[in-house]
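File shown here: my_file.cif, holding mmCIF, C-alpha atoms.
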```cif
data_upload
#
loop_
_atom_site.label_atom_id
_atom_site.label_comp_id
_atom_site.auth_asym_id
_atom_site.auth_seq_id
_atom_site.Cartn_x
_atom_site.Cartn_y
_atom_site.Cartn_z
CA GLY A 131 -92.65 110.44 81.44
CA TYR A 132 -90.30 107.95 79.79
CA GLN A 133 -91.67 104.41 79.63
CA ARG A 134 -88.38 102.90 80.84
CA HIS A 135 -88.51 105.02 83.99
CA TRP A 136 -91.97 103.70 84.73
CA ASP A 137 -90.84 100.11 84.27
CA VAL A 138 -87.83 100.58 86.56
CA PHE A 139 -89.98 102.14 89.29
CA LEU A 140 -92.74 99.54 89.09
CA ARG A 141 -90.23 96.70 89.25
CA LYS A 142 -88.76 98.24 92.40
CA ILE A 143 -92.12 98.37 94.18
CA GLU A 144 -93.34 94.99 92.90
CA PRO A 145 -92.55 93.10 96.15
CA ILE A 146 -95.07 95.38 97.89
CA SER A 147 -97.52 96.21 95.11
CA SER A 148 -98.02 92.52 94.26
CA ARG A 149 -99.35 91.97 97.79
CA VAL A 150 -100.96 95.27 98.83
CA PRO A 151 -103.62 96.96 96.67
CA TYR A 152 -102.65 100.38 95.33
CA LEU A 153 -105.27 103.09 94.81
CA THR A 154 -103.75 105.87 92.73
CA ALA A 155 -104.34 109.41 91.52
CA PRO A 156 -102.55 111.12 88.62
CA GLY A 157 -100.00 113.78 89.51
CA ASN A 158 -97.88 116.30 87.65
CA HIS A 159 -95.11 113.79 86.92
CA GLU A 160 -97.59 111.67 84.97
CA PHE A 161 -98.71 114.38 82.55
CA TRP A 162 -96.27 113.54 79.73
CA PHE A 163 -97.92 112.28 76.53
CA ASN A 164 -101.40 112.95 77.92
CA PHE A 165 -100.87 110.65 80.92
CA SER A 166 -100.54 107.63 78.60
CA ALA A 167 -98.01 105.76 80.77
CA TYR A 168 -100.23 106.18 83.84
CA LYS A 169 -103.44 105.22 82.04
CA SER A 170 -101.92 102.07 80.58
CA ARG A 171 -100.54 100.79 83.90
CA PHE A 172 -103.22 101.51 86.51
CA GLN A 173 -106.82 100.36 86.44
CA MET A 174 -108.77 102.02 89.20
CA PRO A 175 -112.51 101.79 89.92
CA MET A 176 -114.54 103.23 87.00
CA TYR A 177 -111.54 102.65 84.71
CA GLU A 178 -113.66 101.96 81.64
CA GLN A 179 -115.43 105.30 82.05
CA TYR A 180 -112.63 107.62 83.16
CA ASP A 181 -109.27 105.97 82.37
CA SER A 182 -108.36 105.96 86.10
CA MET A 183 -108.08 109.75 86.02
CA HIS A 184 -110.86 110.23 88.57
CA TRP A 185 -113.01 107.73 90.39
CA SER A 186 -114.78 106.84 93.63
CA VAL A 187 -115.35 103.73 95.71
CA ASP A 188 -116.80 102.72 99.07
CA VAL A 189 -114.32 101.14 101.47
CA GLY A 190 -116.37 99.94 104.42
CA PRO A 191 -117.82 103.02 106.15
CA LEU A 192 -115.73 105.40 104.02
CA HIS A 193 -116.56 106.86 100.60
CA LEU A 194 -113.31 107.70 98.82
CA VAL A 195 -113.31 110.18 95.93
CA VAL A 196 -110.12 110.62 93.92
CA LEU A 197 -109.73 113.66 91.66
CA ASN A 198 -107.52 114.57 88.75
CA THR A 199 -106.11 117.99 89.64
CA GLU A 200 -103.76 118.17 86.63
CA SER A 201 -103.74 119.69 83.16
CA VAL A 202 -101.78 118.82 80.01
CA LEU A 203 -99.82 122.05 80.62
CA ASP A 204 -98.54 120.95 84.05
CA THR A 205 -100.83 123.37 85.88
CA SER A 206 -103.68 122.83 88.34
CA ASN A 207 -107.14 122.23 86.92
CA LEU A 208 -110.48 120.50 87.36
CA LYS A 209 -112.24 119.98 84.04
CA PRO A 210 -115.96 120.90 83.76
CA GLU A 211 -116.99 117.30 83.09
CA GLN A 212 -115.09 116.14 86.19
CA LEU A 213 -116.77 118.82 88.30
CA GLN A 214 -120.18 117.68 87.06
CA TRP A 215 -119.30 114.09 87.93
CA LEU A 216 -118.02 115.18 91.37
CA ALA A 217 -121.27 116.99 92.17
CA ARG A 218 -123.32 113.93 91.19
CA ASP A 219 -121.09 111.54 93.10
CA LEU A 220 -121.12 113.61 96.29
CA ALA A 221 -124.87 114.16 96.04
CA GLU A 222 -125.36 110.39 96.01
CA ALA A 223 -122.87 109.94 98.86
CA THR A 224 -124.68 112.48 101.05
CA ASN A 225 -128.11 110.96 100.56
CA ALA A 226 -129.45 110.43 104.10
CA SER A 227 -129.97 106.67 103.81
CA ARG A 228 -126.60 106.19 102.10
CA ARG A 229 -124.63 108.25 104.59
CA LYS A 230 -126.11 106.31 107.47
CA ASP A 231 -124.26 103.24 106.20
CA VAL A 232 -121.22 105.09 104.78
CA PRO A 233 -120.83 108.09 107.11
CA TRP A 234 -117.38 109.30 106.09
CA ILE A 235 -116.41 111.08 102.87
CA VAL A 236 -112.74 111.53 102.01
CA THR A 237 -111.53 113.17 98.80
CA SER A 238 -108.01 113.07 97.46
CA GLY A 239 -106.02 114.61 94.64
CA HIS A 240 -102.39 115.36 93.94
CA ARG A 241 -102.33 119.15 93.92
CA PRO A 242 -103.55 120.97 97.03
CA PHE A 243 -106.58 123.18 97.43
CA TYR A 244 -104.87 124.53 100.54
CA CYS A 245 -101.18 124.51 101.39
CA SER A 246 -98.91 126.70 103.46
CA ASP A 247 -95.52 127.03 101.85
CA HIS A 248 -93.09 129.57 100.47
CA ASN A 249 -93.99 128.55 96.93
CA LYS A 250 -96.24 131.37 95.72
CA GLU A 251 -97.06 129.51 92.53
CA GLN A 252 -98.17 126.16 93.96
CA CYS A 253 -99.73 127.45 97.19
CA GLY A 254 -100.77 130.74 95.61
CA TYR A 255 -102.65 130.93 92.35
CA PHE A 256 -102.55 127.19 91.50
CA ALA A 257 -104.25 126.33 94.82
CA ALA A 258 -106.61 129.29 94.51
CA TRP A 259 -107.71 128.07 91.07
CA LEU A 260 -108.64 124.65 92.47
CA ARG A 261 -110.58 126.28 95.31
CA LEU A 262 -112.45 128.49 92.86
CA LEU A 263 -113.44 125.47 90.80
CA GLY A 264 -114.14 122.81 93.39
CA GLU A 265 -114.26 123.98 97.00
CA ALA A 266 -117.96 124.88 96.98
CA SER A 267 -118.84 121.29 96.05
CA LEU A 268 -116.64 119.81 98.79
CA THR A 269 -118.07 122.17 101.39
CA SER A 270 -121.74 121.94 100.44
CA HIS A 271 -121.62 118.14 100.43
CA HIS A 272 -119.94 117.99 103.84
CA VAL A 273 -116.73 116.24 102.87
CA ASP A 274 -114.88 115.28 106.05
CA LEU A 275 -111.25 115.08 104.96
CA VAL A 276 -109.29 116.20 101.88
CA ILE A 277 -105.94 114.44 101.38
CA GLN A 278 -103.51 116.27 99.08
CA ALA A 279 -99.83 116.10 98.16
CA HIS A 280 -97.44 117.83 95.72
CA GLU A 281 -95.70 119.90 98.40
CA HIS A 282 -92.84 117.92 99.96
CA ASN A 283 -93.84 118.13 103.60
CA MET A 284 -96.68 117.35 105.99
CA GLN A 285 -99.46 119.81 106.82
CA ARG A 286 -102.74 119.65 108.74
CA SER A 287 -105.36 122.38 108.70
CA TYR A 288 -108.12 123.28 111.08
CA PRO A 289 -111.61 122.84 109.59
CA LEU A 290 -111.62 125.28 106.67
CA LYS A 291 -114.33 126.98 104.66
CA PHE A 292 -113.35 129.43 101.92
CA SER A 293 -109.97 130.24 103.50
CA LYS A 294 -111.42 130.82 106.97
CA THR A 295 -110.97 128.61 110.02
CA THR A 296 -114.44 127.64 111.27
CA SER A 297 -113.22 125.91 114.43
CA LYS A 298 -110.07 124.74 116.18
CA SER A 299 -111.87 121.60 117.32
CA TYR A 300 -112.28 118.43 115.28
CA VAL A 301 -115.47 117.44 117.09
CA ASN A 302 -118.46 117.85 114.78
CA PRO A 303 -116.64 120.21 112.40
CA ASP A 304 -118.77 122.10 109.88
CA ALA A 305 -116.08 122.21 107.19
CA PRO A 306 -113.49 119.87 105.65
CA VAL A 307 -110.03 119.31 107.14
CA TYR A 308 -107.23 119.59 104.57
CA ILE A 309 -104.08 117.47 104.74
CA VAL A 310 -100.90 117.77 102.69
CA SER A 311 -99.25 114.35 102.82
CA GLY A 312 -96.19 114.73 100.64
CA ALA A 313 -93.40 113.89 103.06
CA ALA A 314 -92.28 110.52 101.72
CA GLY A 315 -88.95 111.99 100.61
CA ASN A 316 -87.29 112.55 97.25
CA ARG A 317 -84.08 113.84 95.68
CA GLU A 318 -85.31 117.43 95.96
CA HIS A 319 -85.55 117.05 99.76
CA ASN A 320 -88.50 118.00 101.92
CA SER A 321 -89.41 121.66 102.31
CA HIS A 322 -90.38 123.68 105.37
CA PRO A 323 -94.08 124.60 105.52
CA GLY A 324 -95.20 128.20 105.94
CA ASN A 325 -97.22 129.72 108.75
CA LYS A 326 -100.76 130.31 107.50
CA THR A 327 -103.21 131.07 110.30
CA TRP A 328 -105.33 128.04 109.40
CA LEU A 329 -102.38 125.67 109.77
CA ALA A 330 -102.74 123.48 112.86
CA TRP A 331 -99.57 121.38 112.51
CA SER A 332 -96.77 120.80 110.04
CA SER A 333 -93.47 119.00 109.61
CA SER A 334 -90.65 118.59 107.12
CA GLU A 335 -89.71 115.15 108.50
CA ILE A 336 -89.76 112.20 106.11
CA GLY A 337 -92.68 109.93 106.89
CA TYR A 338 -96.00 108.38 105.91
CA SER A 339 -99.64 108.67 106.93
CA VAL A 340 -102.35 106.25 108.02
CA VAL A 341 -106.12 106.86 108.02
CA GLU A 342 -108.24 104.77 110.36
CA VAL A 343 -112.00 104.68 110.89
CA VAL A 344 -112.81 103.85 114.50
CA GLY A 345 -116.17 102.68 115.81
CA SER A 346 -117.85 103.00 119.16
CA LYS A 347 -117.33 100.06 121.51
CA ASP A 348 -120.87 100.42 122.82
CA LYS A 349 -122.73 101.00 119.55
CA ASP A 350 -122.34 99.66 116.04
CA ILE A 351 -121.29 103.03 114.60
CA THR A 352 -118.11 104.52 113.20
CA ASN A 353 -117.92 107.88 114.91
CA SER A 354 -114.23 108.69 114.59
CA LEU A 355 -111.90 109.19 111.62
CA GLY A 356 -108.30 109.12 112.77
CA PHE A 357 -105.22 110.36 110.94
CA SER A 358 -101.65 109.63 112.03
CA PHE A 359 -98.29 110.70 110.63
CA TYR A 360 -95.33 108.39 111.30
CA ARG A 361 -91.66 109.30 110.99
CA SER A 362 -90.03 106.77 108.69
CA SER A 363 -86.68 106.58 110.48
CA ASP A 364 -88.05 105.20 113.74
CA GLY A 365 -91.81 104.71 113.33
CA LYS A 366 -92.61 107.40 115.90
CA VAL A 367 -96.04 109.05 115.65
CA LEU A 368 -95.35 112.76 115.15
CA ASP A 369 -98.96 113.81 114.69
CA HIS A 370 -102.37 112.32 115.35
CA PHE A 371 -105.84 113.78 115.30
CA GLU A 372 -109.39 112.46 115.09
CA ILE A 373 -112.48 113.90 113.47
CA VAL A 374 -115.34 112.92 115.76
CA LYS A 375 -119.06 112.90 115.08
CA THR A 376 -121.37 112.75 118.11
#
```

Using the file provided, produce a representation of the structure as structure tokens.
Amino acid sequence: GYQRHWDVFLRKIEPISSRVPYLTAPGNHEFWFNFSAYKSRFQMPMYEQYDSMHWSVDVGPLHLVVLNTESVLDTSNLKPEQLQWLARDLAEATNASRRKDVPWIVTSGHRPFYCSDHNKEQCGYFAAWLRLLGEASLTSHHVDLVIQAHEHNMQRSYPLKFSKTTSKSYVNPDAPVYIVSGAAGNREHNSHPGNKTWLAWSSSEIGYSVVEVVGSKDKDITNSLGFSFYRSSDGKVLDHFEIVKT
């Protein structure tokens, strides 16, 4: 919101951000003044077209799609023009020749399509609205992993399609896996996740996540997408899973 707050925060992270590239997505705390502070400070891929509000980029064998899940009213939303762009982008990413070289598709956005929490607003109708608008596109274009935040905890789903678990295995899943990675800690404290039937694992510990694409030692292919959650206090891995394509 306030410009001075932005400047204080960015100065604090400068020792890291000046050395490690940051890829960002707008969240609900950026919505003040039509996201002007965010837009003026971050230049993501496709900046000239979309003001860093949504964008995509290939990172090695991974196609990363970042969405704007916000509205100017501090509610969840995906604008029609963004949905049209998303459909075009994913259609190009799933082209057979393209996906041979870039086999993994990961999407990300601040507010969750799926979350299991005691917050009926955020994990209820706000999440349902995002699913109504965008889930069909993610599912039909075979997105592998959806990384979300907003809820202050860590959550991992089974492969999910329209609120139903399609498998409890991550080998050749036929639906996206949804992650809530919002456990970095804040003054509001982390919350305890709920107990939805599609929830495979969750934690309220403070920590961070790492995504890693792993290739076969015998063949020049990247057949595994790994996700690990580390506890900040001691670096211990509290959760790890791999999506495997055979």

At most 12 Å is the cut-off: for each residue in range 205-270 of chain A with any atom that close to an atom of range 298-304 of chain A, write down the nearest atom pair and the distance in Å rounded to one decimal, counting all atoms listed in the file, chain first then increasing number, as JSON lines.
```
{"residue": "A:Leu268", "atom": "CA", "partner": "A:Asp304", "partner_atom": "CA", "distance": 11.5}
{"residue": "A:Thr269", "atom": "CA", "partner": "A:Asp304", "partner_atom": "CA", "distance": 8.5}
{"residue": "A:Ser270", "atom": "CA", "partner": "A:Asp304", "partner_atom": "CA", "distance": 9.9}
```

Report task. Please evaluate the PyMOL selection byres ((chain A and resi 180-184) around 12) against the displayed coordinates and give the resulting residues as a ChimeraX atom specification. Result -> /A:153-157,160-161,164-179,185-187,194-201,208-209,211-213,215-216,219,237-240

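The two atoms in question, CA of Pro323 in chain A and CA of Glu251 in chain A, are spaced 14.2 Å apart.
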
Report task. To one decimal in Å, tell me the separation between CA of Gly254 in chain A and CA of Ser293 in chain A. Result -> 12.1 Å

Query raised in the report: Mind pulling up the distance from CA of Tyr360 in chain A to CA of Arg241 in chain A?
Result: 21.6 Å

Report task. Pick out the residues sitting within 9 Å of Cys245 in chain A, and hand them over as a ChimeraX atom specification; count only C-alpha atoms, and ignore anything fewer than 5 positions along from it in its own chain. Result -> /A:252-254,257,278,281,285-287,308-310,323-324,326,329

Report summary line: Across A:Val340, A:Gly190, A:Asn325, A:Asp204, the smallest distance to Arg229 in chain A, with only C-alpha atoms counted, is shown by A:Gly190

Requested in this report: Just say which residues the PyMOL selection byres ((chain A and resi 261) around 10) picks in this file, as a count of residues only.
Outcome: 20

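The neighbours of Val307 in chain A here are the residues that come within 10 Å of it, using all atoms listed in the file and leaving out any residue fewer than 4 positions away in the same chain; they are A:Val236, A:Tyr244, A:Val273, A:Asp274, A:Leu275, A:Val276, A:Ile277, A:Arg286, A:Ser287, A:Tyr288, A:Pro289, A:Leu290, A:Lys291, A:Thr295, A:Tyr300, A:Pro303, A:Ile373.
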
For C-alpha atoms, I'd like the residues from the last selection saved as a PDB file, in the coordinates of the input.
```pdb
ATOM      1  CA  VAL A 236    -112.740 111.530 102.010  1.00  0.00           C
ATOM      2  CA  TYR A 244    -104.870 124.530 100.540  1.00  0.00           C
ATOM      3  CA  VAL A 273    -116.730 116.240 102.870  1.00  0.00           C
ATOM      4  CA  ASP A 274    -114.880 115.280 106.050  1.00  0.00           C
ATOM      5  CA  LEU A 275    -111.250 115.080 104.960  1.00  0.00           C
ATOM      6  CA  VAL A 276    -109.290 116.200 101.880  1.00  0.00           C
ATOM      7  CA  ILE A 277    -105.940 114.440 101.380  1.00  0.00           C
ATOM      8  CA  ARG A 286    -102.740 119.650 108.740  1.00  0.00           C
ATOM      9  CA  SER A 287    -105.360 122.380 108.700  1.00  0.00           C
ATOM     10  CA  TYR A 288    -108.120 123.280 111.080  1.00  0.00           C
ATOM     11  CA  PRO A 289    -111.610 122.840 109.590  1.00  0.00           C
ATOM     12  CA  LEU A 290    -111.620 125.280 106.670  1.00  0.00           C
ATOM     13  CA  LYS A 291    -114.330 126.980 104.660  1.00  0.00           C
ATOM     14  CA  THR A 295    -110.970 128.610 110.020  1.00  0.00           C
ATOM     15  CA  TYR A 300    -112.280 118.430 115.280  1.00  0.00           C
ATOM     16  CA  PRO A 303    -116.640 120.210 112.400  1.00  0.00           C
ATOM     17  CA  ILE A 373    -112.480 113.900 113.470  1.00  0.00           C
TER      18      ILE A 373
END
```

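Take the PyMOL selection byres ((chain A and resi 375) around 6) and apply it to this file: it picks Asn302, Asn353, Val374 and Thr376 of chain A.
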
**Report entry** Exercise: Tyr132 in chain A partners within 9 Å, all atoms listed in the file, chain neighbours under 3 positions left out, as a list in words
**Finding:** His135, Trp136, Trp162 and Ala167 of chain A

Query - Nearest residue to Asp369 in chain A from the set A:Leu355, A:Met284, A:Val189, A:Ala305 (distances using only C-alpha atoms) - result: A:Met284

Query raised in the report: Please, which residues are within 8 Å of (-92.2, 110.2, 108.7) by the file's coordinates, counting only C-alpha atoms, and could they come as a PyMOL selection string?
Result: chain A and resi 313-314+335-339+359-363+365-366+368

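For the residues A:Ile235, A:Ala226, A:Val341, A:Val202, ranking by smallest atom-to-atom distance to Asp188 in chain A using only C-alpha atoms places A:Ile235 first.
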
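Distance check against Pro233 in chain A using only C-alpha atoms: of A:Val343, A:Ile146, A:Ala217, A:Leu203, the minimum falls on A:Val343.
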